[in-house]
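Notes follow once the structure below has been shown.
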Amino acid sequence: MSYEPNTLERDAFFAAESLRIGMPCGQKNSPLIRGGTPDSNSDTETIELSVPTLTVDDSQEIRVLHVDDQEQYTELTEELLERADDTITVVGTTTVVEALNCLSEEEFDCIISDYDMPQTNGLEFLELVRESHPHIPFILFTGKGSEEIASEAIQAGVTDYIQKKGGIDQYDLLANRIRNVVERYRLQHQFWDALSWYEQLVEQNLTGVFLVQDGEFTYVNERFATLVDYCPDELVDESVDLLFDDETAALLRNIQSEGVRETHRCDIQCAERSIELTLKLRVLPREGERTCLGFVSDIH
């Protein structure tokens, strides 16, 4: 099982993964004044925003919470799962109450639950888990197998459903399923972290951001427009030639077809002043189209 991000998640990741943005200290939360120039006496040391990355470390520990009312079975599962994959650590419990206590006190990457247990069942346990951990992977691992239970489990939102069988080979399968669902869980978190970072960067105007497609601006944020003495509406749908020199404009057009990553320094002649910017550029694949994403990483 592999995780396939949607277009929005993929765009956010490419934006976050490819760029580390440096900005003059003291300007992190305040947009530049229209028509103004950076204070030549100000501290020009740059800072770096922490950018989310899309990497899954295969050696990273996976902590699994397992609940089964038969203690000998929890012990066997712990031993054989940890033998099948040495990155997996299993904490075994025999009651739902004990499992919920563990979940409130410790961090886990995945939950494995039996179905048929005294006073409750695995799906009722899932409902309790989702109240506090709505997205944690939950695998129903049970000897009580039927199409009805499998259908009920899927409708209830279990991440995976595995029927217990004889032999130790099933633990290799279970370990593989655990790794797959945890990898997907971690990747989803990284994508949404990247999206949050990207939205914060754009919406809070931490730096100038623009998008170019077919040689025209399709989006500019307030910070970028203010920096170059325009309003955002004055730049959207306009040619990049309006703002950039021939070399920069050609790069913004060509980078869309070449698919390369660039750091580029350019001069912009504004209404009453000239500024020098360092741009970081990256192509975002958008369903067959290519959009060039640009960030202002330095102002001279």
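By order in the structure tokens, chains are A, B, ...; within a chain, residues start at 1; ligands start at 1, following the order shown.
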
Identify, with DSSP run on backbone atoms, the residues in segment 51-97 of chain A assigned to strand (DSSP E or B), and express the list as a VMD selection string.
-> chain A and resid 62 to 67 88 to 93

Output file for the selection above: C-alpha atoms, as a PDB file, in the first residue's frame:
```
ATOM      1  CA  ILE A  62       7.301   2.214  15.087  1.00  0.00           C
ATOM      2  CA  ARG A  63       5.419   2.012  18.377  1.00  0.00           C
ATOM      3  CA  VAL A  64       2.397  -0.263  18.268  1.00  0.00           C
ATOM      4  CA  LEU A  65      -0.367  -0.591  20.873  1.00  0.00           C
ATOM      5  CA  HIS A  66      -1.946  -4.049  20.828  1.00  0.00           C
ATOM      6  CA  VAL A  67      -5.099  -5.051  22.709  1.00  0.00           C
ATOM      7  CA  ILE A  88       8.586  -2.308  15.613  1.00  0.00           C
ATOM      8  CA  THR A  89       8.034  -2.077  19.369  1.00  0.00           C
ATOM      9  CA  VAL A  90       4.799  -3.544  20.708  1.00  0.00           C
ATOM     10  CA  VAL A  91       3.036  -2.625  23.940  1.00  0.00           C
ATOM     11  CA  GLY A  92       0.462  -5.306  24.796  1.00  0.00           C
ATOM     12  CA  THR A  93      -2.715  -4.798  26.823  1.00  0.00           C
TER      13      THR A  93
END
```

Nearest-residue call for Leu173 of chain A, choices A:Leu81, A:Ala225, A:Pro134, A:Leu187, using only C-alpha atoms |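 Between A:Leu81, A:Ala225, A:Pro134, A:Leu187, the residue approaching Leu173 of chain A most closely is A:Leu81.
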
Between A:Glu276, A:Asp86, A:Glu75, A:Glu234, which one has atoms that come closest to Gln60 of chain A, using only C-alpha atoms?
->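 Residue with the minimum atom-to-atom distance to Gln60 of chain A: A:Asp86.
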
Using only C-alpha atoms, which of the listed residues (A:Phe295, A:Phe125, A:Phe141, A:Tyr185) sits closest to Lys165 of chain A?
->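 Of A:Phe295, A:Phe125, A:Phe141, A:Tyr185, the one nearest Lys165 of chain A, counting only C-alpha atoms, is A:Phe141.
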
Give the answer as one residue: which of A:Gln190, A:Thr95, A:Thr120, A:Thr77 has the shortest atom-to-atom distance to Leu174 of chain A, using only C-alpha atoms?
->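 Between A:Gln190, A:Thr95, A:Thr120, A:Thr77, the residue approaching Leu174 of chain A most closely is A:Thr77.
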
What separation in Å, quoted to one decimal, exists between atom CA of Arg83 of chain A and atom CA of Gly122 of chain A?
->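 A separation of 25.1 Å between them.
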
Which is closest to Glu107 of chain A among A:Ile136, A:Leu251, A:Cys270, A:Leu277, if we use only C-alpha atoms?
->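 Counting only C-alpha atoms, the residue closest to Glu107 of chain A is A:Ile136.
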
Neighbour list for Ala84 of chain A as a list in words, cut-off 7 Å, only C-alpha atoms, skip fewer than 4 positions in-chain |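 Residues near the query, excluding close chain neighbours: Leu80, Tyr171, Asp172 and Ala175 of chain A.
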
Same residues, C-alpha atoms, output as an mmCIF file, in the first residue's frame:
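Result written to selection-v3.cif:
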```cif
data_model
loop_
_atom_site.group_PDB
_atom_site.id
_atom_site.type_symbol
_atom_site.label_atom_id
_atom_site.label_comp_id
_atom_site.auth_asym_id
_atom_site.auth_seq_id
_atom_site.Cartn_x
_atom_site.Cartn_y
_atom_site.Cartn_z
ATOM 1 C CA LEU A 80 6.763 -12.394 16.618
ATOM 2 C CA TYR A 171 3.099 -11.955 11.484
ATOM 3 C CA ASP A 172 5.330 -11.114 8.555
ATOM 4 C CA ALA A 175 4.400 -6.344 10.194
#
```

Please measure the separation of atom CA of Asp85 of chain A and atom CA of Asp69 of chain A, giving the value in Å to one decimal.
->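 Interatomic distance, atom CA of Asp85 of chain A to atom CA of Asp69 of chain A: 23.7 Å.
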
Select, from A:Leu76, A:Leu123, A:Ile139, A:Ala99, the residue with the minimum atom-to-atom distance to Gln155 of chain A, counting only C-alpha atoms.
->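 So, comparing all the options, the nearest one is A:Leu123.
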